[in-house]
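To be precise, the following lines are input-v8.pdb, and they hold PDB, C-alpha atoms and all ligand atoms.
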ATOM      1  CA  MET X 873     172.184 140.119 -20.420
ATOM      2  CA  ASN X 874     171.611 142.404 -17.495
ATOM      3  CA  LYS X 875     172.531 140.947 -14.148
ATOM      4  CA  TYR X 876     169.290 141.900 -12.456
ATOM      5  CA  LEU X 877     167.045 140.050 -14.899
ATOM      6  CA  GLU X 878     165.832 136.559 -13.921
ATOM      7  CA  ILE X 879     163.742 134.688 -16.469
ATOM      8  CA  SER X 880     162.015 131.572 -15.128
ATOM      9  CA  PRO X 881     163.163 128.279 -16.714
ATOM     10  CA  GLU X 882     159.764 127.708 -18.356
ATOM     11  CA  VAL X 883     159.621 131.173 -19.909
ATOM     12  CA  LYS X 884     163.250 131.003 -20.968
ATOM     13  CA  LYS X 885     162.725 127.706 -22.740
ATOM     14  CA  ALA X 886     159.594 128.963 -24.500
ATOM     15  CA  LEU X 887     161.433 132.060 -25.737
ATOM     16  CA  GLU X 888     164.402 130.024 -26.954
ATOM     17  CA  GLU X 889     162.047 127.738 -28.874
ATOM     18  CA  ASN X 890     160.150 130.730 -30.300
ATOM     19  CA  ARG X 891     156.931 129.646 -28.614
ATOM     20  CA  PRO X 892     154.307 132.271 -27.648
ATOM     21  CA  VAL X 893     154.748 134.037 -24.309
ATOM     22  CA  VAL X 894     152.474 136.648 -22.712
ATOM     23  CA  ALA X 895     153.679 139.063 -20.017
ATOM     24  CA  LEU X 896     151.438 139.996 -17.070
ATOM     25  CA  GLU X 897     151.821 142.807 -14.549
ATOM     26  CA  SER X 898     151.877 142.627 -10.754
ATOM     27  CA  THR X 899     150.570 146.018  -9.592
ATOM     28  CA  ILE X 900     147.144 144.633 -10.428
ATOM     29  CA  ILE X 901     147.910 141.824  -7.918
ATOM     30  CA  SER X 902     149.346 143.864  -5.035
ATOM     31  CA  HIS X 903     147.502 147.156  -5.490
ATOM     32  CA  GLY X 904     144.644 146.611  -7.910
ATOM     33  CA  MET X 905     142.583 143.943  -6.141
ATOM     34  CA  PRO X 906     142.103 142.733  -2.553
ATOM     35  CA  TYR X 907     143.439 139.426  -1.201
ATOM     36  CA  PRO X 908     142.517 136.623  -1.913
ATOM     37  CA  GLN X 909     140.749 137.572  -5.167
ATOM     38  CA  ASN X 910     144.023 139.048  -6.442
ATOM     39  CA  VAL X 911     145.882 135.732  -6.158
ATOM     40  CA  GLU X 912     142.963 133.691  -7.491
ATOM     41  CA  THR X 913     142.680 136.045 -10.460
ATOM     42  CA  ALA X 914     146.411 136.063 -11.182
ATOM     43  CA  LEU X 915     146.416 132.249 -11.285
ATOM     44  CA  ARG X 916     143.260 132.095 -13.414
ATOM     45  CA  VAL X 917     144.779 134.584 -15.841
ATOM     46  CA  GLU X 918     147.878 132.404 -16.175
ATOM     47  CA  GLN X 919     145.632 129.381 -16.752
ATOM     48  CA  THR X 920     143.673 131.230 -19.445
ATOM     49  CA  ILE X 921     146.902 132.062 -21.243
ATOM     50  CA  ARG X 922     147.914 128.406 -21.206
ATOM     51  CA  GLU X 923     144.486 127.299 -22.459
ATOM     52  CA  ASN X 924     144.957 129.644 -25.392
ATOM     53  CA  GLY X 925     148.312 128.194 -26.346
ATOM     54  CA  ALA X 926     150.847 130.546 -24.748
ATOM     55  CA  VAL X 927     153.149 130.562 -21.715
ATOM     56  CA  PRO X 928     152.393 133.183 -19.028
ATOM     57  CA  ALA X 929     155.197 135.344 -17.645
ATOM     58  CA  THR X 930     153.981 137.277 -14.639
ATOM     59  CA  ILE X 931     156.469 140.057 -13.970
ATOM     60  CA  ALA X 932     157.535 141.573 -10.641
ATOM     61  CA  ILE X 933     160.592 142.656  -8.691
ATOM     62  CA  ILE X 934     161.464 140.240  -5.911
ATOM     63  CA  GLY X 935     164.475 140.797  -3.675
ATOM     64  CA  GLY X 936     165.850 143.273  -6.201
ATOM     65  CA  LYS X 937     165.603 140.859  -9.140
ATOM     66  CA  LEU X 938     163.590 141.708 -12.246
ATOM     67  CA  LYS X 939     161.585 138.515 -12.589
ATOM     68  CA  ALA X 940     159.907 137.367 -15.795
ATOM     69  CA  GLY X 941     157.835 134.331 -14.826
ATOM     70  CA  LEU X 942     156.763 133.773 -11.217
ATOM     71  CA  SER X 943     156.004 130.616  -9.273
ATOM     72  CA  LYS X 944     152.622 130.126  -7.567
ATOM     73  CA  GLU X 945     154.341 130.809  -4.243
ATOM     74  CA  GLU X 946     155.735 134.108  -5.506
ATOM     75  CA  ILE X 947     152.296 135.187  -6.752
ATOM     76  CA  GLU X 948     150.798 134.233  -3.387
ATOM     77  CA  TYR X 949     153.545 136.204  -1.617
ATOM     78  CA  LEU X 950     152.872 139.374  -3.647
ATOM     79  CA  GLY X 951     149.119 139.039  -3.227
ATOM     80  CA  LYS X 952     149.290 138.547   0.540
ATOM     81  CA  LYS X 953     151.754 141.362   1.062
ATOM     82  CA  GLY X 954     149.435 143.581  -0.988
ATOM     83  CA  THR X 955     150.036 147.298  -0.753
ATOM     84  CA  LYS X 956     153.099 146.724   1.458
ATOM     85  CA  VAL X 957     154.892 145.879  -1.797
ATOM     86  CA  SER X 958     156.065 149.117  -3.439
ATOM     87  CA  LYS X 959     154.226 150.058  -6.568
ATOM     88  CA  ALA X 960     157.096 150.257  -9.009
ATOM     89  CA  SER X 961     157.047 152.391 -12.103
ATOM     90  CA  ARG X 962     160.091 153.342 -14.259
ATOM     91  CA  ARG X 963     161.507 155.875 -11.796
ATOM     92  CA  ASP X 964     161.393 153.368  -8.920
ATOM     93  CA  LEU X 965     163.591 150.705 -10.520
ATOM     94  CA  PRO X 966     167.114 151.931  -9.669
ATOM     95  CA  VAL X 967     166.629 152.228  -5.901
ATOM     96  CA  LEU X 968     164.450 149.120  -5.477
ATOM     97  CA  VAL X 969     166.916 147.000  -7.412
ATOM     98  CA  SER X 970     170.060 148.348  -5.775
ATOM     99  CA  LYS X 971     168.547 147.847  -2.312
ATOM    100  CA  GLY X 972     167.294 144.342  -3.122
ATOM    101  CA  GLU X 973     163.664 145.171  -2.439
ATOM    102  CA  ASP X 974     160.336 143.945  -3.820
ATOM    103  CA  GLY X 975     158.219 145.858  -6.317
ATOM    104  CA  ALA X 976     154.855 145.363  -7.950
ATOM    105  CA  THR X 977     155.305 146.345 -11.567
ATOM    106  CA  THR X 978     152.972 148.817 -13.281
ATOM    107  CA  VAL X 979     152.259 148.680 -16.994
ATOM    108  CA  ALA X 980     155.351 150.829 -17.622
ATOM    109  CA  THR X 981     157.734 148.641 -15.629
ATOM    110  CA  THR X 982     156.212 145.416 -16.891
ATOM    111  CA  MET X 983     156.836 146.644 -20.444
ATOM    112  CA  ILE X 984     160.453 147.438 -19.576
ATOM    113  CA  ILE X 985     161.127 144.012 -18.067
ATOM    114  CA  ALA X 986     159.180 142.179 -20.793
ATOM    115  CA  SER X 987     161.268 143.942 -23.397
ATOM    116  CA  MET X 988     164.529 143.069 -21.588
ATOM    117  CA  ALA X 989     163.404 139.428 -21.549
ATOM    118  CA  GLY X 990     162.372 139.428 -25.223
ATOM    119  CA  ILE X 991     158.599 139.220 -24.646
ATOM    120  CA  SER X 992     156.508 141.246 -27.099
ATOM    121  CA  ILE X 993     152.906 140.826 -25.935
ATOM    122  CA  PHE X 994     151.464 141.847 -22.581
ATOM    123  CA  ALA X 995     147.929 141.542 -21.179
ATOM    124  CA  THR X 996     146.466 143.647 -18.398
ATOM    125  CA  GLY X 997     143.222 145.278 -17.264
ATOM    126  CA  GLY X 998     143.621 149.018 -17.621
ATOM    127  CA  ILE X 999     146.515 151.374 -18.276
ATOM    128  CA  GLY X1000     147.411 154.595 -16.549
ATOM    129  CA  GLY X1001     146.873 157.807 -18.511
ATOM    130  CA  VAL X1002     146.225 161.514 -18.259
ATOM    131  CA  HIS X1003     144.249 162.097 -15.068
ATOM    132  CA  ARG X1004     141.244 164.359 -14.880
ATOM    133  CA  GLY X1005     142.490 167.781 -13.831
ATOM    134  CA  ALA X1006     145.971 167.089 -15.237
ATOM    135  CA  GLU X1007     146.049 170.630 -16.609
ATOM    136  CA  ILE X1008     146.616 171.646 -12.960
ATOM    137  CA  THR X1009     148.180 168.561 -11.358
ATOM    138  CA  MET X1010     150.290 167.384 -14.331
ATOM    139  CA  ASP X1011     149.399 163.844 -13.279
ATOM    140  CA  ILE X1012     150.166 161.835 -16.393
ATOM    141  CA  SER X1013     151.040 158.180 -15.974
ATOM    142  CA  ALA X1014     154.517 156.993 -16.927
ATOM    143  CA  ASP X1015     152.650 154.194 -18.764
ATOM    144  CA  LEU X1016     152.069 156.571 -21.678
ATOM    145  CA  GLU X1017     155.743 157.469 -22.037
ATOM    146  CA  GLU X1018     156.602 153.794 -21.923
ATOM    147  CA  LEU X1019     154.150 153.046 -24.716
ATOM    148  CA  ALA X1020     155.962 155.728 -26.696
ATOM    149  CA  MET X1021     159.386 154.142 -26.117
ATOM    150  CA  THR X1022     159.275 150.424 -25.488
ATOM    151  CA  PRO X1023     158.387 147.826 -28.131
ATOM    152  CA  VAL X1024     155.654 145.841 -26.397
ATOM    153  CA  MET X1025     152.015 145.367 -27.416
ATOM    154  CA  VAL X1026     149.698 146.043 -24.478
ATOM    155  CA  VAL X1027     146.260 144.424 -24.542
ATOM    156  CA  CYS X1028     143.856 146.206 -22.165
ATOM    157  CA  ALA X1029     140.132 146.918 -21.783
ATOM    158  CA  GLY X1030     140.532 150.593 -22.631
ATOM    159  CA  ALA X1031     140.891 153.215 -19.945
ATOM    160  CA  LYS X1032     138.778 153.992 -16.909
ATOM    161  CA  SER X1033     137.115 157.299 -16.717
ATOM    162  CA  ILE X1034     139.114 158.049 -13.557
ATOM    163  CA  LEU X1035     141.250 159.378 -16.429
ATOM    164  CA  ASP X1036     140.528 162.101 -18.934
ATOM    165  CA  LEU X1037     140.032 159.797 -21.912
ATOM    166  CA  GLY X1038     140.144 162.578 -24.512
ATOM    167  CA  LEU X1039     143.467 163.916 -23.213
ATOM    168  CA  THR X1040     144.865 160.405 -22.896
ATOM    169  CA  LEU X1041     144.135 159.787 -26.586
ATOM    170  CA  GLU X1042     145.671 163.150 -27.548
ATOM    171  CA  TYR X1043     148.816 162.286 -25.621
ATOM    172  CA  LEU X1044     149.097 158.889 -27.290
ATOM    173  CA  GLU X1045     148.627 160.489 -30.692
ATOM    174  CA  THR X1046     151.409 162.995 -30.019
ATOM    175  CA  LYS X1047     153.707 160.176 -28.949
ATOM    176  CA  GLY X1048     152.924 158.090 -32.022
ATOM    177  CA  VAL X1049     151.273 155.193 -30.215
ATOM    178  CA  PRO X1050     148.656 153.379 -32.333
ATOM    179  CA  VAL X1051     145.411 152.837 -30.417
ATOM    180  CA  ILE X1052     143.622 149.815 -31.864
ATOM    181  CA  GLY X1053     140.060 148.756 -31.134
ATOM    182  CA  TYR X1054     139.589 144.997 -31.208
ATOM    183  CA  ARG X1055     136.379 144.469 -33.170
ATOM    184  CA  THR X1056     135.270 147.985 -32.248
ATOM    185  CA  GLU X1057     135.588 151.541 -33.578
ATOM    186  CA  GLU X1058     134.954 152.988 -30.154
ATOM    187  CA  LEU X1059     137.432 153.159 -27.288
ATOM    188  CA  PRO X1060     136.115 150.884 -24.528
ATOM    189  CA  ALA X1061     135.952 152.447 -21.058
ATOM    190  CA  PHE X1062     137.103 149.444 -19.006
ATOM    191  CA  TYR X1063     133.866 148.635 -17.111
ATOM    192  CA  THR X1064     131.738 149.516 -20.119
ATOM    193  CA  ARG X1065     132.094 148.810 -23.826
ATOM    194  CA  LYS X1066     131.655 152.392 -24.932
ATOM    195  CA  SER X1067     133.241 155.738 -24.084
ATOM    196  CA  GLY X1068     132.109 158.125 -26.804
ATOM    197  CA  PHE X1069     135.708 158.354 -28.137
ATOM    198  CA  SER X1070     137.009 156.726 -31.309
ATOM    199  CA  VAL X1071     140.055 154.500 -31.573
ATOM    200  CA  ASP X1072     142.566 155.064 -34.382
ATOM    201  CA  TYR X1073     141.934 151.751 -36.129
ATOM    202  CA  ARG X1074     139.688 148.761 -35.807
ATOM    203  CA  LEU X1075     141.251 145.327 -36.299
ATOM    204  CA  ASP X1076     139.242 142.131 -36.200
ATOM    205  CA  SER X1077     141.530 139.172 -35.579
ATOM    206  CA  PRO X1078     144.589 138.185 -33.529
ATOM    207  CA  LYS X1079     146.420 137.757 -36.826
ATOM    208  CA  GLU X1080     145.721 141.357 -37.850
ATOM    209  CA  LEU X1081     146.950 142.562 -34.464
ATOM    210  CA  ALA X1082     150.134 140.509 -34.758
ATOM    211  CA  CYS X1083     150.794 141.746 -38.312
ATOM    212  CA  ALA X1084     150.356 145.403 -37.383
ATOM    213  CA  PHE X1085     152.754 145.083 -34.484
ATOM    214  CA  ALA X1086     155.280 143.141 -36.551
ATOM    215  CA  ALA X1087     155.114 145.863 -39.233
ATOM    216  CA  LYS X1088     155.781 148.526 -36.637
ATOM    217  CA  LYS X1089     158.802 146.662 -35.352
ATOM    218  CA  SER X1090     160.273 145.851 -38.736
ATOM    219  CA  MET X1091     160.065 149.501 -39.758
ATOM    220  CA  GLY X1092     162.165 150.279 -36.715
ATOM    221  CA  LEU X1093     159.496 152.557 -35.260
ATOM    222  CA  ARG X1094     160.123 152.661 -31.560
ATOM    223  CA  GLY X1095     157.427 152.183 -28.933
ATOM    224  CA  GLY X1096     154.500 149.904 -28.379
ATOM    225  CA  MET X1097     150.933 149.508 -29.522
ATOM    226  CA  LEU X1098     147.798 149.740 -27.451
ATOM    227  CA  VAL X1099     145.086 147.180 -28.144
ATOM    228  CA  THR X1100     141.756 147.949 -26.495
ATOM    229  CA  ASN X1101     139.456 144.987 -26.060
ATOM    230  CA  PRO X1102     135.913 145.678 -24.831
ATOM    231  CA  ILE X1103     134.681 143.885 -21.707
ATOM    232  CA  PRO X1104     132.293 141.029 -22.662
ATOM    233  CA  GLU X1105     128.702 142.290 -22.737
ATOM    234  CA  GLU X1106     127.533 139.999 -19.916
ATOM    235  CA  TYR X1107     130.064 141.456 -17.473
ATOM    236  CA  SER X1108     129.842 145.108 -18.471
ATOM    237  CA  MET X1109     128.433 147.540 -15.919
ATOM    238  CA  ASN X1110     125.659 150.063 -16.127
ATOM    239  CA  ALA X1111     127.339 153.263 -17.361
ATOM    240  CA  ASP X1112     125.426 155.566 -14.986
ATOM    241  CA  VAL X1113     126.196 153.449 -11.930
ATOM    242  CA  ILE X1114     129.914 153.214 -12.648
ATOM    243  CA  ASN X1115     130.308 156.834 -13.747
ATOM    244  CA  GLU X1116     128.656 158.075 -10.583
ATOM    245  CA  ALA X1117     130.951 155.894  -8.489
ATOM    246  CA  ILE X1118     133.978 157.229 -10.386
ATOM    247  CA  ASP X1119     132.870 160.847  -9.924
ATOM    248  CA  ARG X1120     132.460 160.301  -6.202
ATOM    249  CA  ALA X1121     135.831 158.596  -5.920
ATOM    250  CA  VAL X1122     137.584 161.420  -7.811
ATOM    251  CA  GLU X1123     135.893 164.049  -5.625
ATOM    252  CA  GLU X1124     136.844 162.207  -2.443
ATOM    253  CA  SER X1125     140.484 161.856  -3.519
ATOM    254  CA  ARG X1126     140.633 165.604  -4.207
ATOM    255  CA  LYS X1127     139.192 166.393  -0.798
ATOM    256  CA  LEU X1128     141.734 164.145   0.887
ATOM    257  CA  GLY X1129     144.569 165.570  -1.188
ATOM    258  CA  ILE X1130     145.628 162.153  -2.514
ATOM    259  CA  ARG X1131     148.526 162.621  -4.905
ATOM    260  CA  GLY X1132     151.248 160.955  -6.940
ATOM    261  CA  LYS X1133     151.472 157.184  -7.114
ATOM    262  CA  GLU X1134     148.701 156.794  -4.507
ATOM    263  CA  THR X1135     146.060 158.306  -6.787
ATOM    264  CA  THR X1136     145.304 155.337  -9.032
ATOM    265  CA  PRO X1137     145.205 152.661  -6.260
ATOM    266  CA  TYR X1138     143.077 154.958  -4.086
ATOM    267  CA  LEU X1139     140.529 155.502  -6.851
ATOM    268  CA  LEU X1140     140.364 151.795  -7.732
ATOM    269  CA  ALA X1141     139.750 150.776  -4.114
ATOM    270  CA  LYS X1142     137.179 153.510  -3.574
ATOM    271  CA  ILE X1143     135.221 152.562  -6.694
ATOM    272  CA  LYS X1144     135.152 148.982  -5.495
ATOM    273  CA  ASP X1145     133.776 150.076  -2.109
ATOM    274  CA  ILE X1146     131.107 152.289  -3.649
ATOM    275  CA  THR X1147     129.871 149.668  -6.109
ATOM    276  CA  GLY X1148     129.867 146.955  -3.441
ATOM    277  CA  GLY X1149     132.210 144.654  -5.299
ATOM    278  CA  GLU X1150     130.365 144.610  -8.636
ATOM    279  CA  SER X1151     133.265 146.469 -10.229
ATOM    280  CA  LEU X1152     135.710 143.854  -8.928
ATOM    281  CA  ASP X1153     133.783 141.094 -10.654
ATOM    282  CA  SER X1154     133.811 143.024 -13.941
ATOM    283  CA  ASN X1155     137.489 143.763 -13.478
ATOM    284  CA  ILE X1156     138.322 140.060 -13.101
ATOM    285  CA  HIS X1157     136.387 139.068 -16.210
ATOM    286  CA  LEU X1158     137.847 141.730 -18.426
ATOM    287  CA  VAL X1159     141.381 140.733 -17.460
ATOM    288  CA  LEU X1160     140.620 137.100 -18.366
ATOM    289  CA  ASN X1161     139.185 138.266 -21.678
ATOM    290  CA  ASN X1162     142.340 140.272 -22.413
ATOM    291  CA  ALA X1163     144.573 137.356 -21.446
ATOM    292  CA  ALA X1164     142.819 135.118 -23.989
ATOM    293  CA  LEU X1165     143.187 137.689 -26.771
ATOM    294  CA  ALA X1166     146.840 138.353 -25.934
ATOM    295  CA  ALA X1167     147.616 134.625 -25.960
ATOM    296  CA  LYS X1168     145.942 134.141 -29.353
ATOM    297  CA  THR X1169     147.821 137.144 -30.690
ATOM    298  CA  ALA X1170     151.125 135.824 -29.319
ATOM    299  CA  CYS X1171     150.443 132.544 -31.177
ATOM    300  CA  GLU X1172     150.030 134.480 -34.443
ATOM    301  CA  TYR X1173     153.017 136.659 -33.713
ATOM    302  CA  VAL X1174     155.491 133.794 -33.397
ATOM    303  CA  LYS X1175     154.299 132.439 -36.767
ATOM    304  CA  LEU X1176     155.525 135.667 -38.361
ATOM    305  CA  GLY X1177     159.093 134.876 -37.270
ATOM    306  CA  ARG X1178     161.258 136.857 -34.910
ATOM    307  CA  ASP X1179     162.814 140.134 -35.883
TER     308      ASP X1179
HETATM  309  N1  LIG X1201     144.288 151.009 -14.039
HETATM  310  C1  LIG X1201     143.484 149.980 -13.698
HETATM  311  N2  LIG X1201     143.967 148.998 -12.911
HETATM  312  C2  LIG X1201     145.246 149.002 -12.448
HETATM  313  C3  LIG X1201     146.101 150.091 -12.834
HETATM  314  C4  LIG X1201     145.588 151.065 -13.624
HETATM  315  O1  LIG X1201     142.357 149.970 -14.118
HETATM  316  O2  LIG X1201     145.645 148.088 -11.705
HETATM  317  C5  LIG X1201     147.529 150.093 -12.372
HETATM  318  C6  LIG X1201     148.434 149.573 -13.502
HETATM  319  O3  LIG X1201     149.515 148.854 -12.937
HETATM  320  C7  LIG X1201     148.952 150.852 -14.127
HETATM  321  C8  LIG X1201     149.091 151.723 -12.910
HETATM  322  O4  LIG X1201     150.166 150.705 -14.820
HETATM  323  O5  LIG X1201     147.950 151.418 -12.113
HETATM  324  C9  LIG X1201     149.141 153.187 -13.263
HETATM  325  O6  LIG X1201     149.470 153.918 -12.136
HETATM  326  P1  LIG X1201     149.837 155.472 -12.271
HETATM  327  O7  LIG X1201     148.572 156.121 -12.731
HETATM  328  O8  LIG X1201     150.264 155.886 -10.912
HETATM  329  O9  LIG X1201     150.928 155.553 -13.295
HETATM  330 MN    MN X1202     150.352 159.562 -11.620
END

When written as structure tokens, how does the structure in this file appear?
Ligand code: PSU
Ligand code: MN
Amino acid sequence: MNKYLEISPEVKKALEENRPVVALESTIISHGMPYPQNVETALRVEQTIRENGAVPATIAIIGGKLKAGLSKEEIEYLGKKGTKVSKASRRDLPVLVSKGEDGATTVATTMIIASMAGISIFATGGIGGVHRGAEITMDISADLEELAMTPVMVVCAGAKSILDLGLTLEYLETKGVPVIGYRTEELPAFYTRKSGFSVDYRLDSPKELACAFAAKKSMGLRGGMLVTNPIPEEYSMNADVINEAIDRAVEESRKLGIRGKETTPYLLAKIKDITGGESLDSNIHLVLNNAALAAKTACEYVKLGRD
């Protein structure tokens, strides 16, 4: 086993006993939400996973160690330190680890560490994708490449329209990543249940999700699967309000020349400012909703036996 990986005793025991485990990312804690809501949410998400029968494994890099399973104190530490913790995607791992630094893991890096630890199911809010204007900027999240390579199911609430959703779907198709709608034919757009784009397949139960992923793995097809789970109706936002906020945020980031890894956190924070916190509330509820679905799916997945 690689010397940088540290699996918490609880997660390790669950994996050894073939009990369900769900991975969680930490960029959403340090960069995706303000303190203290980030810490409160991270702990509530872990609680939701437990209530649905699985063990949570929040993933981060602490002191150069790839951690699968954090203590409350470690979550509090990452949340308080906020954006002072490096946002760590695949390319950031070698230097952060060799220097013994901290890193908040994106979807891509969380998938990598989950896979090293033997965790197959991962819940988050939204993934990175092809940004609007990528035909000029070439800003395409490493999350998409990771979905193409690494065998982890990612449960999210679709993609925000800070991204070009059509191009994101095209990219995933090219890379052979199945995009599943949970009880929907339409790709959810994070804050809203509809985007105008279709998913590849609709599946209607955690068992169906688990079976599809197990089939992919047993065929030896590399890469993950993207499950898109619409935000519950009562927390979804008005499409016009959120789309206007997103347009303004994108325009502002262009004016300021925001680039590279700063783009996504900048847009998320700006949208929150413009909508006066309503988007944060939606964001919290959709993550909890995804955590519950991922936990139920992990319960079904372990029943299918390990591969
Ligand atoms: N989208 C969200 N919330 C988030 C992120 C994306 O709605 O918190 C974070 C995730 O950690 C994701 C990362 O993996 O941003 C993508 O960043 P980039 O676009 O720089 O790859
Ligand atoms: Mn990018």

Worksheet, complete the sentence: One residue among X:Tyr1138, X:Phe1069, X:Phe1085, X:Phe1062 is nearest to Thr996 in chain X when using all atoms listed in the file, and that residue is X:Phe1062

Worksheet item: Looking at all atoms listed in the file, which of X:Thr982, X:Thr913, X:Gln919, X:Val893 is the one that sits closest to Ile931 in chain X?
Response: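 Distance minimum relative to Ile931 in chain X lands on X:Thr982.
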
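Compared by their closest atoms to ligand LIG 1201 (chain X), and using all atoms listed in the file, the residues X:Thr978, X:Ser1070, X:Asn890, X:Ser898 rank with X:Thr978 nearest.
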
Discussion item. List the spatial neighbours of Lys971 in chain X as a list in words - criterion: any atom at most 12 Å away, all atoms listed in the file, same-chain residues fewer than 6 positions off excluded.
Written reply: Tyr876, Ile933, Ile934, Gly935, Gly936, Lys937, Asp964 and Leu965 of chain X

Practice prompt. Step by step, measure atom-to-atom distances between ligand MN 1202 (chain X) and each residue using all atoms listed in the file, keep those at most 7 Å, then write them as a ChimeraX atom specification.
Written response: /X:1011-1013,1132-1133,1135

Worksheet item: Applied to the shown file, which residues does the PyMOL selection byres (((chain X and resi 1056) around 9) and not hetatm) return, written as a list in words?
Response: Ile1052, Gly1053, Tyr1054, Arg1055, Glu1057, Glu1058, Leu1059, Pro1060, Ser1070, Val1071, Tyr1073, Arg1074, Leu1075, Asp1076, Thr1100, Asn1101 and Pro1102 of chain X

Expected file: the selected residues, C-alpha atoms, as a PDB file, keeping the file's coordinate frame:
ATOM      1  CA  ILE X1052     143.622 149.815 -31.864  1.00  0.00           C
ATOM      2  CA  GLY X1053     140.060 148.756 -31.134  1.00  0.00           C
ATOM      3  CA  TYR X1054     139.589 144.997 -31.208  1.00  0.00           C
ATOM      4  CA  ARG X1055     136.379 144.469 -33.170  1.00  0.00           C
ATOM      5  CA  GLU X1057     135.588 151.541 -33.578  1.00  0.00           C
ATOM      6  CA  GLU X1058     134.954 152.988 -30.154  1.00  0.00           C
ATOM      7  CA  LEU X1059     137.432 153.159 -27.288  1.00  0.00           C
ATOM      8  CA  PRO X1060     136.115 150.884 -24.528  1.00  0.00           C
ATOM      9  CA  SER X1070     137.009 156.726 -31.309  1.00  0.00           C
ATOM     10  CA  VAL X1071     140.055 154.500 -31.573  1.00  0.00           C
ATOM     11  CA  TYR X1073     141.934 151.751 -36.129  1.00  0.00           C
ATOM     12  CA  ARG X1074     139.688 148.761 -35.807  1.00  0.00           C
ATOM     13  CA  LEU X1075     141.251 145.327 -36.299  1.00  0.00           C
ATOM     14  CA  ASP X1076     139.242 142.131 -36.200  1.00  0.00           C
ATOM     15  CA  THR X1100     141.756 147.949 -26.495  1.00  0.00           C
ATOM     16  CA  ASN X1101     139.456 144.987 -26.060  1.00  0.00           C
ATOM     17  CA  PRO X1102     135.913 145.678 -24.831  1.00  0.00           C
TER      18      PRO X1102
END

Discussion item. Just checking: using only C-alpha atoms and all ligand atoms, which residue out of X:Ala980, X:Leu896, X:Ala914, X:Val1026 ends up closest to ligand LIG 1201 (chain X)?
Written reply: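 Comparing X:Ala980, X:Leu896, X:Ala914, X:Val1026 against ligand LIG 1201 (chain X), the winner is X:Ala980.
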
Practice prompt. For Val883 in chain X, list every protein, DNA or RNA residue within 10 Å, evaluated using only C-alpha atoms, and leave out those in the same chain fewer than 5 positions away; present the list as JSON, numbers by chain.
Written response: {"X": [888, 889, 891, 892, 893, 894, 895, 927, 928, 929, 930, 940, 941, 942, 989, 991]}

Worksheet entry | Atomic distance CA of Val967 in chain X - CA of Leu1098 in chain X, expressed in Å with one decimal | 28.7 Å

Hey, which residues come within 6 Å of ligand LIG 1201 (chain X) if we count only C-alpha atoms and all ligand atoms? Could you give them as a PDB file with C-alpha atoms, in the coordinates of the input?
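This is the output file pocket_38.pdb:
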ATOM      1  CA  THR X 899     150.570 146.018  -9.592  1.00  0.00           C
ATOM      2  CA  ILE X 900     147.144 144.633 -10.428  1.00  0.00           C
ATOM      3  CA  GLY X 904     144.644 146.611  -7.910  1.00  0.00           C
ATOM      4  CA  THR X 978     152.972 148.817 -13.281  1.00  0.00           C
ATOM      5  CA  VAL X 979     152.259 148.680 -16.994  1.00  0.00           C
ATOM      6  CA  ALA X 980     155.351 150.829 -17.622  1.00  0.00           C
ATOM      7  CA  GLY X 997     143.222 145.278 -17.264  1.00  0.00           C
ATOM      8  CA  GLY X 998     143.621 149.018 -17.621  1.00  0.00           C
ATOM      9  CA  ILE X 999     146.515 151.374 -18.276  1.00  0.00           C
ATOM     10  CA  GLY X1000     147.411 154.595 -16.549  1.00  0.00           C
ATOM     11  CA  SER X1013     151.040 158.180 -15.974  1.00  0.00           C
ATOM     12  CA  ALA X1014     154.517 156.993 -16.927  1.00  0.00           C
ATOM     13  CA  ASP X1015     152.650 154.194 -18.764  1.00  0.00           C
ATOM     14  CA  LYS X1133     151.472 157.184  -7.114  1.00  0.00           C
ATOM     15  CA  THR X1136     145.304 155.337  -9.032  1.00  0.00           C
TER      16      THR X1136
END

Worksheet item: Using all atoms listed in the file, which of X:Gly1048, X:Ala995, X:Gly1096, X:Ile1034 sits nearest Glu1116 in chain X?
Response: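 The shortest atom-to-atom distance to Glu1116 in chain X comes from X:Ile1034.
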
Practice prompt. Tell me which residues the PyMOL selection byres (((chain X and resi 1022) around 12) and not hetatm) grabs here, as a ChimeraX atom specification.
Written response: /X:962,979-988,990-994,1014-1021,1023-1026,1047-1049,1088-1089,1092-1098

Discussion item. Within 8 Å of (133.4, 150.3, -16.6) in the file's own coordinates, which protein, DNA or RNA residues have an atom, counting only C-alpha atoms? List them as an MDAnalysis selection string.
Written reply: chainID X and resid 1032:1033 1061:1065 1108:1111 1114:1115 1151 1154

Centre and size of axis-aligned box enclosing range 1153-1168 of chain X plus 4 Å each side, as JSON:
{"center_x": 140.7, "center_y": 139.0, "center_z": -20.0, "size_x": 21.8, "size_y": 17.6, "size_z": 26.7}

Worksheet item: Where does the PyMOL selection byres (((chain X and resi 916) around 12) and not hetatm) land in this file, that is, which residues does it pick, as number ranges by chain?
Response: X: 896, 909-915, 917-923, 928, 930, 944, 947, 1156-1157, 1159-1161, 1163-1164

Worksheet entry | Distance query 9 Å from (147.7, 140.1, -35.0) using all atoms listed in the file, result as JSON, numbers by chain | {"X": [1075, 1076, 1077, 1078, 1079, 1080, 1081, 1082, 1083, 1084, 1085, 1086, 1168, 1169, 1170, 1171, 1172, 1173]}

Item to complete: State, in Å with one decimal place, the distance from CA of Val1113 in chain X to CA of Ile1146 in chain X.
Response: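 For CA of Val1113 in chain X relative to CA of Ile1146 in chain X, the distance reads 9.7 Å.
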
Worksheet item: Quick one: of X:Val1099, X:Ala932, X:Gly972, X:Asn874, who's nearest to Asn1162 in chain X, counting only C-alpha atoms?
Response: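 Distance minimum relative to Asn1162 in chain X lands on X:Val1099.
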